[in-house]
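Peer 1: Let me give you the structure first, and then I'll get to my questions.
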Amino acid sequence: MLANNNGSTRREFLSVTGGAVAASALVGVSIPHVHAAEDNTLRLALIGCGGRGTGAALDALSVRYGPMKLVAMADVFEDRLSLSHKSLQAQAPDKVDVPDDRKFVGFNAYQNAMECLKPGDIAILTTPLAFRWVHFRNAIQKGLHVFMEKPVTADGPTSVRMLKLAEEASAKNLKVAVGLMSRHSRALQELHARVQNGEIGDIVLMRAYRMTGPVGSAFSEKWPGEPKELLWQIKRFHSFLWASGGCFNDFYIHVIDHCCWMKNAWPVKAQALGGRHYRNSPSGNPYIDQNFDSYSVEYTFGDGAKLLLDGRCVSGVNQIYSSYLHGTQGFAVASKSGDCGLPSSIYLGQSENPAKKTWESKVAPDERNPYANEWNDLVNAIRNDAPYNEAKYGVESSVVCSMGRKAAHTGLEVTFDEMLNSNQEYAPDIDKWTLDSPPPVQSNAAGEYPIPMPGLKGDAEY
Ligand SMILES: NC(=O)c1ccc[n+]([C@@H]2O[C@H](COP(=O)([O-])OP(=O)(O)OC[C@H]3O[C@@H](n4cnc5c(N)ncnc54)[C@H](O)[C@@H]3O)[C@@H](O)[C@H]2O)c1
């Protein structure tokens with residue numbers, strides 16, 4: 001195991017012994033491409049080997065369009081990488097070829113993993129969103145196709161940067177997928193076609209809900225002192241707006257995105273409410289994350305139509321996780337439950353009245369998993385060289401989330417243009433970070449981080 005050059009201890013990056021290489025030790029060292037036999041295997045590098053990254057890699061290895069192989073992996077924590085590798089190796093033994101010298105750990109690990117690929121291979125970007133533009137930029141420079149998870153930005157400057165990168169990817173004919181899997185739900189695709197066909201008239205109101213108990217790392221108790229605070233914030237990324245856009249962007253984007261898709265438009269402005277109610281953990285310790293527990297956003301479209309979004313992370317109350325469209329001539333259930341749960345359906349009138357149902361989605365069993373569909377669609381486009389770039393709408397959807405979040409956090413109306421063109425960048429110079437970089441938000445003596453305070457902080461979120 002090599003030491004890294006950031007003056008860090010091994011323990012901080014490498015919490016489990018294993019063979020992964022500290023990536024920063026390899027900067028400038030040439031890493032040979034995986035030897036390409038004369039075949040049409042698409043090679044994959046996984047950057048961000050957590051829950052979703054492991055799932056996405058498995059989906060990639062399961063596509064129905066030709067041979068795929070995972071050849072390199074990168075993470076900032078070796079234990080995450082090792083766990084992911086073990087799981088993928090067990091589930092797809094013939095398609096995982098990642099020896100220890102193609103496992104990379106550290107902030108530069110992404111570069112080394114992408115060096116193992118050839119132009120035309122695929123980089124999977126599944127870290128928290130703060131690193132997305134850095135990794136996307138590198139993939140485009142290397143001529144790699146990309147699958148990247150949602151959301152893709154949390155602030156204005158990185159959104160502008162990502163939109164430019166999206167154009168560069170298209171100019172190089174690279175295929176780009178964004179993990180907004182609702183767009184690959186066959187039921188929602190048919191609903192979209194029917195809505196465009198006028199089956200519910202003009203959409204005047206949409207309602208989207210994700211009201212569940214606390215999820216992921218949305219609530220955090222104070223930093224326990226290790227690993228280093230920056231790495232700990234990365235681990236608890238749902239707690240920090242710089243890392244994820246908070247629970248708002250990370251959890252609510254799916255229902256917001258597919259409603260806007262149904263309307264074929266982005267809202268022009270948002271006003272919102274939210275608050276922090278129960279800020280102690282069950283053991284009585286204060287939660288120090290930057291999230292509100294509940295959010296209620298009124299988005300307005302250019303034609304005056306509205307999208308209402310209710311988001312909540314509170315247990316013991318109604319749990320609602322679904323989305324609805326109201327049109328001048330009918331009503332539709334978009335997601336029955338969850339991000340894009342089957343079935344979708346259409347009704348006469350304005351409610352879910354079974355007697356007035358005019359359509360319900362029927363999806364073939366092998367098309368029911370939107371995570372599998374998004375990979376089949378991407379690889380099909382690569383194999384057939386069809387135009388395929390989801391980055392622009394991935395960015396715009398992320399901007400819509402950020403404007404709703406910011407409207408709640410500031411108590412001010414926020415327009416789409418104001419959000420996109422805001423110069424507040426939440427993780428500046430993230431492409432130059434080392435292990436010794438200070439975290440972009442600092443705690444006070446009590447271990448608390450700055451939180452949104454509507455009315456007190458002007459147009460600053462925290
Ligand atoms: N589409 C979906 O339904 C869905 C579901 C879950 C998560 N996601 C998205 O996937 C992303 C990851 O979420 P997750 O739940 O897998 O989180 P996770 O914490 O399980 O995984 C993230 C991994 O990235 C690693 N990482 C962090 N910074 C890194 C860096 N700079 N370089 C390399 N590795 C780094 C972490 O150590 C971790 O192993 C998020 O953007 C999330 O919103 C999407």
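Residues are named by chain letter and number: chains run A, B, ... in the order of the structure tokens, numbers start at 1 in each chain, and ligands are numbered from 1 in the order shown.
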As a PyMOL selection string, please: every protein or nucleic acid residue near ligand 1 (cut-off 6 Å, counting only C-alpha atoms and all ligand atoms).

Peer 2: chain A and resi 47-53+74-77+80+107+126-129+131+149-151+179-180+234-235+250

Peer 1: What does the file look like for those residues with N, CA and C atoms, as a PDB file, in the first residue's frame?

Peer 2:
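Output below, filename part_9.pdb:
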ATOM      1  N   ILE A  47     -16.491   5.438 -10.200  1.00  0.00           N
ATOM      2  CA  ILE A  47     -15.926   6.495  -9.346  1.00  0.00           C
ATOM      3  C   ILE A  47     -16.976   6.870  -8.311  1.00  0.00           C
ATOM      4  N   GLY A  48     -16.748   6.445  -7.083  1.00  0.00           N
ATOM      5  CA  GLY A  48     -17.742   6.609  -6.014  1.00  0.00           C
ATOM      6  C   GLY A  48     -18.419   5.278  -5.784  1.00  0.00           C
ATOM      7  N   CYS A  49     -17.795   4.452  -4.918  1.00  0.00           N
ATOM      8  CA  CYS A  49     -18.213   3.042  -4.803  1.00  0.00           C
ATOM      9  C   CYS A  49     -19.150   2.825  -3.627  1.00  0.00           C
ATOM     10  N   GLY A  50     -20.148   3.684  -3.475  1.00  0.00           N
ATOM     11  CA  GLY A  50     -21.100   3.521  -2.385  1.00  0.00           C
ATOM     12  C   GLY A  50     -22.295   2.698  -2.825  1.00  0.00           C
ATOM     13  N   GLY A  51     -23.427   2.950  -2.156  1.00  0.00           N
ATOM     14  CA  GLY A  51     -24.630   2.183  -2.437  1.00  0.00           C
ATOM     15  C   GLY A  51     -25.075   2.302  -3.889  1.00  0.00           C
ATOM     16  N   ARG A  52     -25.237   3.531  -4.363  1.00  0.00           N
ATOM     17  CA  ARG A  52     -25.740   3.723  -5.724  1.00  0.00           C
ATOM     18  C   ARG A  52     -24.702   3.342  -6.766  1.00  0.00           C
ATOM     19  N   GLY A  53     -23.447   3.664  -6.495  1.00  0.00           N
ATOM     20  CA  GLY A  53     -22.402   3.320  -7.452  1.00  0.00           C
ATOM     21  C   GLY A  53     -22.343   1.823  -7.680  1.00  0.00           C
ATOM     22  N   ALA A  74     -12.633   3.663  -7.982  1.00  0.00           N
ATOM     23  CA  ALA A  74     -12.035   4.781  -7.247  1.00  0.00           C
ATOM     24  C   ALA A  74     -12.974   5.230  -6.135  1.00  0.00           C
ATOM     25  N   ASP A  75     -12.393   5.564  -4.995  1.00  0.00           N
ATOM     26  CA  ASP A  75     -13.188   6.111  -3.890  1.00  0.00           C
ATOM     27  C   ASP A  75     -12.239   6.867  -2.969  1.00  0.00           C
ATOM     28  N   VAL A  76     -12.810   7.660  -2.058  1.00  0.00           N
ATOM     29  CA  VAL A  76     -11.942   8.307  -1.070  1.00  0.00           C
ATOM     30  C   VAL A  76     -11.788   7.440   0.183  1.00  0.00           C
ATOM     31  N   PHE A  77     -12.599   6.418   0.306  1.00  0.00           N
ATOM     32  CA  PHE A  77     -12.468   5.500   1.446  1.00  0.00           C
ATOM     33  C   PHE A  77     -12.207   4.095   0.925  1.00  0.00           C
ATOM     34  N   ARG A  80     -15.042   1.493   1.592  1.00  0.00           N
ATOM     35  CA  ARG A  80     -16.201   1.535   0.691  1.00  0.00           C
ATOM     36  C   ARG A  80     -15.873   0.810  -0.612  1.00  0.00           C
ATOM     37  N   PHE A 107      -8.459  11.735  -3.375  1.00  0.00           N
ATOM     38  CA  PHE A 107      -9.136  12.758  -4.173  1.00  0.00           C
ATOM     39  C   PHE A 107      -8.749  12.709  -5.652  1.00  0.00           C
ATOM     40  N   THR A 126     -20.550   8.470  -9.379  1.00  0.00           N
ATOM     41  CA  THR A 126     -21.588   8.286  -8.350  1.00  0.00           C
ATOM     42  C   THR A 126     -21.095   8.715  -6.964  1.00  0.00           C
ATOM     43  N   THR A 127     -20.283   9.766  -6.954  1.00  0.00           N
ATOM     44  CA  THR A 127     -19.937  10.389  -5.671  1.00  0.00           C
ATOM     45  C   THR A 127     -21.071  11.355  -5.316  1.00  0.00           C
ATOM     46  N   PRO A 128     -21.016  11.989  -4.123  1.00  0.00           N
ATOM     47  CA  PRO A 128     -21.923  13.122  -3.898  1.00  0.00           C
ATOM     48  C   PRO A 128     -21.703  14.187  -4.980  1.00  0.00           C
ATOM     49  N   LEU A 129     -22.735  15.015  -5.217  1.00  0.00           N
ATOM     50  CA  LEU A 129     -22.725  15.876  -6.415  1.00  0.00           C
ATOM     51  C   LEU A 129     -21.608  16.916  -6.465  1.00  0.00           C
ATOM     52  N   PHE A 131     -18.577  16.851  -6.447  1.00  0.00           N
ATOM     53  CA  PHE A 131     -17.423  16.495  -7.288  1.00  0.00           C
ATOM     54  C   PHE A 131     -17.805  16.279  -8.753  1.00  0.00           C
ATOM     55  N   GLU A 149     -24.798  10.236 -11.613  1.00  0.00           N
ATOM     56  CA  GLU A 149     -26.007  10.257 -10.794  1.00  0.00           C
ATOM     57  C   GLU A 149     -26.528  11.678 -10.615  1.00  0.00           C
ATOM     58  N   LYS A 150     -27.810  11.760 -10.393  1.00  0.00           N
ATOM     59  CA  LYS A 150     -28.481  12.992 -10.018  1.00  0.00           C
ATOM     60  C   LYS A 150     -28.178  13.272  -8.562  1.00  0.00           C
ATOM     61  N   PRO A 151     -28.455  14.448  -8.028  1.00  0.00           N
ATOM     62  CA  PRO A 151     -28.526  15.706  -8.757  1.00  0.00           C
ATOM     63  C   PRO A 151     -27.110  16.002  -9.247  1.00  0.00           C
ATOM     64  N   GLY A 179     -28.754  10.017 -13.833  1.00  0.00           N
ATOM     65  CA  GLY A 179     -29.589   9.031 -13.139  1.00  0.00           C
ATOM     66  C   GLY A 179     -30.968   9.499 -12.698  1.00  0.00           C
ATOM     67  N   LEU A 180     -31.640  10.265 -13.565  1.00  0.00           N
ATOM     68  CA  LEU A 180     -33.045  10.582 -13.303  1.00  0.00           C
ATOM     69  C   LEU A 180     -33.865   9.482 -13.957  1.00  0.00           C
ATOM     70  N   ILE A 234     -18.034  14.610   3.853  1.00  0.00           N
ATOM     71  CA  ILE A 234     -18.309  13.877   2.609  1.00  0.00           C
ATOM     72  C   ILE A 234     -19.138  12.624   2.913  1.00  0.00           C
ATOM     73  N   LYS A 235     -18.789  11.959   4.009  1.00  0.00           N
ATOM     74  CA  LYS A 235     -19.568  10.770   4.401  1.00  0.00           C
ATOM     75  C   LYS A 235     -21.013  11.119   4.751  1.00  0.00           C
ATOM     76  N   ASP A 250     -31.264  16.183  -3.033  1.00  0.00           N
ATOM     77  CA  ASP A 250     -30.988  14.764  -3.179  1.00  0.00           C
ATOM     78  C   ASP A 250     -32.253  13.920  -3.203  1.00  0.00           C
TER      79      ASP A 250
END

Peer 1: Within 10 Å of region 363-372 of chain A, counting only C-alpha atoms, which residues qualify if same-chain residues fewer than 3 places away don't, as a VMD selection string?

Peer 2: chain A and resid 55 to 56 58 to 64 179 to 187 190 340 to 343 360 375 to 377

Peer 1: Smallest atom-to-atom distance to Thr54 (chain A): which of A:Ser82, A:Thr300, A:Gln189, A:Gln271, using only C-alpha atoms?

Peer 2: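 Of all the options, A:Ser82 lies closest to Thr54 (chain A).
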
Peer 1: With a distance cut-off of 10 Å and only C-alpha atoms, select the neighbouring residues of Ser315 (chain A), excluding the residue or stretch itself and same-chain residues fewer than 2 positions from it, and output the selection as a ChimeraX atom specification.

Peer 2: /A:211-214,312-313,317-319

Peer 1: Taking the DSSP secondary structure from the backbone, can you list the residues of region 77-271 of chain A that are helix (DSSP H, G or I), as a ChimeraX atom specification?

Peer 2: /A:78-91,93-95,100-102,109-115,129-141,156-171,181-184,186-196,229-235,237-239,241-244,246-263

Peer 1: Please produce a file of those selected residues containing C-alpha atoms, as a compact mmCIF listing (two decimals), in the first residue's frame.

Peer 2:
# COMPACT_ATOMS: atom_id res chain seq x y z
CA GLU A 78 -10.85 2.17 0.88
CA ASP A 79 -13.40 0.30 2.97
CA ARG A 80 -16.20 1.54 0.69
CA LEU A 81 -14.25 0.45 -2.36
CA SER A 82 -13.47 -2.97 -0.91
CA LEU A 83 -17.07 -3.64 0.10
CA SER A 84 -18.32 -2.60 -3.32
CA HIS A 85 -15.74 -4.72 -5.10
CA LYS A 86 -16.59 -7.74 -3.00
CA SER A 87 -20.29 -7.34 -3.69
CA LEU A 88 -19.85 -6.85 -7.46
CA GLN A 89 -17.37 -9.70 -7.71
CA ALA A 90 -19.88 -12.00 -6.00
CA GLN A 91 -22.77 -10.93 -8.23
CA PRO A 93 -17.78 -12.68 -11.28
CA ASP A 94 -17.12 -12.94 -15.03
CA LYS A 95 -17.58 -9.22 -15.60
CA ASP A 100 -5.52 -4.26 -6.73
CA ASP A 101 -3.47 -2.06 -9.05
CA ARG A 102 -6.64 -0.77 -10.66
CA ALA A 109 -8.40 8.46 -7.63
CA TYR A 110 -10.87 9.43 -10.35
CA GLN A 111 -8.05 10.44 -12.70
CA ASN A 112 -6.22 7.16 -12.24
CA ALA A 113 -9.36 5.08 -12.72
CA MET A 114 -10.21 6.93 -15.95
CA GLU A 115 -6.62 6.40 -17.16
CA LEU A 129 -22.72 15.88 -6.42
CA ALA A 130 -20.07 18.40 -5.33
CA PHE A 131 -17.42 16.50 -7.29
CA ARG A 132 -19.57 15.98 -10.39
CA TRP A 133 -18.22 18.81 -12.55
CA VAL A 134 -14.62 17.87 -11.78
CA HIS A 135 -15.13 14.23 -12.73
CA PHE A 136 -17.34 15.06 -15.72
CA ARG A 137 -14.70 17.46 -17.06
CA ASN A 138 -12.02 14.78 -16.80
CA ALA A 139 -14.20 12.18 -18.51
CA ILE A 140 -14.88 14.53 -21.43
CA GLN A 141 -11.16 15.29 -21.76
CA GLY A 156 -25.26 28.64 -9.78
CA PRO A 157 -21.59 28.66 -10.80
CA THR A 158 -21.29 24.87 -11.04
CA SER A 159 -24.56 24.74 -13.01
CA VAL A 160 -23.20 27.17 -15.59
CA ARG A 161 -19.98 25.11 -15.72
CA MET A 162 -21.88 21.86 -16.17
CA LEU A 163 -24.02 23.32 -18.98
CA LYS A 164 -20.83 24.23 -20.84
CA LEU A 165 -19.42 20.76 -20.24
CA ALA A 166 -22.68 19.28 -21.54
CA GLU A 167 -22.14 21.14 -24.81
CA GLU A 168 -18.53 19.96 -24.99
CA ALA A 169 -19.66 16.37 -24.52
CA SER A 170 -22.11 16.69 -27.41
CA ALA A 171 -19.46 18.34 -29.59
CA MET A 181 -34.47 7.15 -13.91
CA SER A 182 -38.11 8.36 -13.99
CA ARG A 183 -37.35 9.51 -17.54
CA HIS A 184 -36.74 5.83 -18.40
CA ARG A 186 -41.88 3.06 -19.57
CA ALA A 187 -45.10 4.02 -17.75
CA LEU A 188 -44.05 7.65 -17.37
CA GLN A 189 -42.86 7.73 -20.98
CA GLU A 190 -46.32 6.63 -22.12
CA LEU A 191 -48.00 9.07 -19.73
CA HIS A 192 -45.80 11.84 -21.15
CA ALA A 193 -46.86 10.97 -24.70
CA ARG A 194 -50.53 10.90 -23.67
CA VAL A 195 -50.28 14.24 -21.84
CA GLN A 196 -48.57 15.81 -24.88
CA GLU A 229 -13.77 16.78 9.32
CA LEU A 230 -13.71 17.18 5.53
CA LEU A 231 -13.95 13.44 4.97
CA TRP A 232 -16.64 13.17 7.62
CA GLN A 233 -18.71 15.85 5.84
CA ILE A 234 -18.31 13.88 2.61
CA LYS A 235 -19.57 10.77 4.40
CA PHE A 237 -23.16 14.48 2.50
CA HIS A 238 -26.95 14.80 2.84
CA SER A 239 -26.29 17.00 5.88
CA LEU A 241 -25.55 21.90 1.28
CA TRP A 242 -22.16 22.16 -0.43
CA ALA A 243 -21.92 18.39 -0.81
CA SER A 244 -25.41 17.45 -1.94
CA GLY A 246 -29.07 18.78 1.25
CA CYS A 247 -32.02 16.47 1.56
CA PHE A 248 -33.93 18.83 -0.73
CA ASN A 249 -31.93 18.33 -3.91
CA ASP A 250 -30.99 14.76 -3.18
CA PHE A 251 -34.40 13.39 -2.23
CA TYR A 252 -36.95 15.60 -3.99
CA ILE A 253 -35.41 15.88 -7.43
CA HIS A 254 -37.12 12.82 -8.94
CA VAL A 255 -40.71 13.94 -8.37
CA ILE A 256 -39.88 17.56 -9.23
CA ASP A 257 -38.08 16.53 -12.41
CA HIS A 258 -40.73 14.24 -13.81
CA CYS A 259 -43.51 16.75 -13.14
CA CYS A 260 -41.57 19.41 -15.09
CA TRP A 261 -40.99 16.87 -17.85
CA MET A 262 -44.75 16.24 -18.08
CA LYS A 263 -45.25 20.00 -18.43

Peer 1: Quick check, in Å to one decimal: how far apart do CA of Pro67 (chain A) and CA of Tyr388 (chain A) lie?

Peer 2: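 Taking CA of Pro67 (chain A) as the start and CA of Tyr388 (chain A) as the end point, the length is 19.8 Å.
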
Peer 1: May I have the residues within 10 Å of region 288-294 of chain A as JSON, numbers by chain, using only C-alpha atoms and disregarding those fewer than 2 positions away in the same chain?

Peer 2: {"A": [211, 213, 214, 217, 218, 219, 220, 221, 222, 223, 233, 236, 237, 238, 239, 240, 241, 242, 245, 246, 247, 248, 273, 274, 275, 276, 277, 278, 279, 280, 285, 286, 296, 310, 311, 312, 313, 314, 405, 408, 409, 443, 446, 447, 448, 449, 450, 451, 452, 461, 462]}

Peer 1: Which neighbours of Met68 (chain A) fall inside 6 Å, counting only C-alpha atoms, when residues of the same chain fewer than 4 positions from it are skipped, and could you give them as a list in words?

Peer 2: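 Returned residues: Thr41, Leu42, Arg43 and Leu61 of chain A.
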
Peer 1: With only C-alpha atoms as the atoms that count, which of A:Leu348, A:Val400, A:Leu435, A:Leu308 lies nearest to Pro267 (chain A)?

Peer 2: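 When distances to Pro267 (chain A) are compared using only C-alpha atoms, the smallest one comes from A:Val400.
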
Peer 1: Tell me, in Å to one decimal, how far CA of Pro387 (chain A) is from CA of His145 (chain A).

Peer 2: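 Those two atoms sit 11.9 Å apart.
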
Peer 1: Would you mind reading off the distance between CA of Met403 (chain A) and CA of Phe147 (chain A), one decimal, in Å?

Peer 2: 24.7 Å

Peer 1: List every residue of region 246-447 of chain A that DSSP, applied to the backbone of this structure, places in strand (DSSP E or B), and write the result as a VMD selection string.

Peer 2: chain A and resid 269 to 275 280 286 to 287 294 to 300 306 to 313 320 to 327 330 to 333 345 to 347 357 to 360 389 414 to 415

Peer 1: Dump N, CA and C atoms for the selected residues as a short mmCIF file (atom, residue, chain, number, x, y, z; two decimals), in the first residue's frame?

Peer 2:
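Now in again.cif:
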data_model
loop_
_atom_site.label_atom_id
_atom_site.label_comp_id
_atom_site.auth_asym_id
_atom_site.auth_seq_id
_atom_site.Cartn_x
_atom_site.Cartn_y
_atom_site.Cartn_z
N LYS A 269 -40.17 30.62 -11.39
CA LYS A 269 -39.86 31.16 -10.05
C LYS A 269 -40.43 30.23 -8.97
N ALA A 270 -39.95 30.46 -7.75
CA ALA A 270 -40.42 29.66 -6.61
C ALA A 270 -40.54 30.54 -5.38
N GLN A 271 -41.57 30.26 -4.56
CA GLN A 271 -41.62 30.79 -3.19
C GLN A 271 -41.86 29.60 -2.28
N ALA A 272 -41.39 29.69 -1.05
CA ALA A 272 -41.38 28.46 -0.25
C ALA A 272 -41.35 28.72 1.24
N LEU A 273 -41.73 27.68 1.98
CA LEU A 273 -41.68 27.67 3.44
C LEU A 273 -40.88 26.47 3.91
N GLY A 274 -40.45 26.52 5.14
CA GLY A 274 -39.82 25.34 5.71
C GLY A 274 -39.40 25.64 7.13
N GLY A 275 -39.02 24.60 7.85
CA GLY A 275 -38.58 24.85 9.22
C GLY A 275 -37.90 23.66 9.84
N ASN A 280 -33.19 17.20 17.98
CA ASN A 280 -32.38 16.33 18.81
C ASN A 280 -32.53 14.89 18.34
N PRO A 286 -27.92 17.10 20.02
CA PRO A 286 -28.44 18.01 18.97
C PRO A 286 -28.01 17.58 17.58
N TYR A 287 -28.90 17.74 16.62
CA TYR A 287 -28.54 17.55 15.21
C TYR A 287 -27.91 18.84 14.72
N SER A 294 -38.90 20.14 7.13
CA SER A 294 -40.02 20.14 6.19
C SER A 294 -39.91 21.33 5.24
N TYR A 295 -40.38 21.09 4.03
CA TYR A 295 -40.32 22.10 2.97
C TYR A 295 -41.66 22.11 2.23
N SER A 296 -42.12 23.30 1.85
CA SER A 296 -43.29 23.39 0.99
C SER A 296 -43.02 24.48 -0.04
N VAL A 297 -42.99 24.08 -1.30
CA VAL A 297 -42.59 25.02 -2.36
C VAL A 297 -43.73 25.20 -3.35
N GLU A 298 -43.98 26.44 -3.73
CA GLU A 298 -44.90 26.74 -4.83
C GLU A 298 -44.07 27.22 -6.01
N TYR A 299 -43.96 26.35 -7.02
CA TYR A 299 -43.27 26.72 -8.25
C TYR A 299 -44.29 27.28 -9.23
N THR A 300 -43.89 28.31 -9.98
CA THR A 300 -44.78 28.90 -10.99
C THR A 300 -44.13 28.79 -12.37
N LYS A 306 -48.95 25.83 -11.78
CA LYS A 306 -48.20 25.67 -10.54
C LYS A 306 -47.75 24.23 -10.35
N LEU A 307 -46.61 24.08 -9.68
CA LEU A 307 -46.18 22.78 -9.13
C LEU A 307 -45.99 22.98 -7.64
N LEU A 308 -46.75 22.21 -6.84
CA LEU A 308 -46.58 22.27 -5.39
C LEU A 308 -45.75 21.08 -4.96
N LEU A 309 -44.69 21.34 -4.20
CA LEU A 309 -43.81 20.28 -3.72
C LEU A 309 -43.81 20.29 -2.20
N ASP A 310 -44.19 19.17 -1.60
CA ASP A 310 -44.06 19.03 -0.15
C ASP A 310 -43.01 17.99 0.15
N GLY A 311 -42.00 18.38 0.91
CA GLY A 311 -40.95 17.44 1.31
C GLY A 311 -40.83 17.46 2.82
N ARG A 312 -40.70 16.27 3.41
CA ARG A 312 -40.61 16.22 4.88
C ARG A 312 -39.79 15.01 5.30
N CYS A 313 -39.00 15.19 6.34
CA CYS A 313 -38.24 14.09 6.94
C CYS A 313 -38.66 13.98 8.40
N ILE A 320 -46.26 10.31 2.61
CA ILE A 320 -46.82 10.45 1.25
C ILE A 320 -45.66 10.61 0.28
N TYR A 321 -45.64 9.78 -0.76
CA TYR A 321 -44.49 9.78 -1.67
C TYR A 321 -45.04 9.42 -3.04
N SER A 322 -45.47 10.45 -3.80
CA SER A 322 -46.18 10.20 -5.06
C SER A 322 -46.30 11.53 -5.81
N SER A 323 -46.88 11.49 -7.02
CA SER A 323 -47.00 12.74 -7.79
C SER A 323 -48.26 12.72 -8.68
N TYR A 324 -48.83 13.89 -8.90
CA TYR A 324 -50.14 14.02 -9.56
C TYR A 324 -50.17 15.21 -10.53
N LEU A 325 -50.94 15.06 -11.60
CA LEU A 325 -51.10 16.14 -12.59
C LEU A 325 -52.58 16.49 -12.70
N HIS A 326 -52.90 17.77 -12.65
CA HIS A 326 -54.27 18.22 -12.86
C HIS A 326 -54.31 19.03 -14.17
N GLY A 327 -55.16 18.58 -15.10
CA GLY A 327 -55.30 19.28 -16.37
C GLY A 327 -56.69 19.85 -16.53
N GLY A 330 -58.79 16.69 -17.20
CA GLY A 330 -58.59 15.40 -16.53
C GLY A 330 -57.46 15.44 -15.53
N PHE A 331 -57.21 14.25 -14.99
CA PHE A 331 -56.28 14.12 -13.86
C PHE A 331 -55.40 12.90 -14.13
N ALA A 332 -54.15 12.96 -13.69
CA ALA A 332 -53.29 11.79 -13.86
C ALA A 332 -52.47 11.54 -12.60
N VAL A 333 -52.28 10.24 -12.32
CA VAL A 333 -51.30 9.84 -11.30
C VAL A 333 -50.02 9.58 -12.06
N SER A 345 -51.60 6.46 -14.29
CA SER A 345 -52.99 6.32 -14.74
C SER A 345 -53.62 7.69 -15.03
N ILE A 346 -54.71 7.64 -15.81
CA ILE A 346 -55.42 8.88 -16.21
C ILE A 346 -56.91 8.74 -15.87
N TYR A 347 -57.53 9.84 -15.45
CA TYR A 347 -58.94 9.85 -15.03
C TYR A 347 -59.68 11.03 -15.63
N LYS A 357 -61.54 5.97 -14.50
CA LYS A 357 -60.19 5.74 -15.03
C LYS A 357 -60.27 5.47 -16.53
N THR A 358 -59.46 6.18 -17.31
CA THR A 358 -59.49 5.98 -18.77
C THR A 358 -58.24 5.28 -19.28
N TRP A 359 -57.20 5.21 -18.45
CA TRP A 359 -55.96 4.52 -18.88
C TRP A 359 -55.14 4.15 -17.66
N GLU A 360 -54.53 2.97 -17.74
CA GLU A 360 -53.55 2.58 -16.71
C GLU A 360 -52.38 1.93 -17.41
N ASN A 389 -27.63 12.71 -24.85
CA ASN A 389 -26.99 13.55 -23.84
C ASN A 389 -28.06 14.11 -22.90
N VAL A 414 -37.37 33.23 -5.54
CA VAL A 414 -36.14 33.01 -6.32
C VAL A 414 -36.56 32.60 -7.73
N THR A 415 -36.01 33.28 -8.72
CA THR A 415 -36.33 32.90 -10.10
C THR A 415 -35.29 31.89 -10.61
#
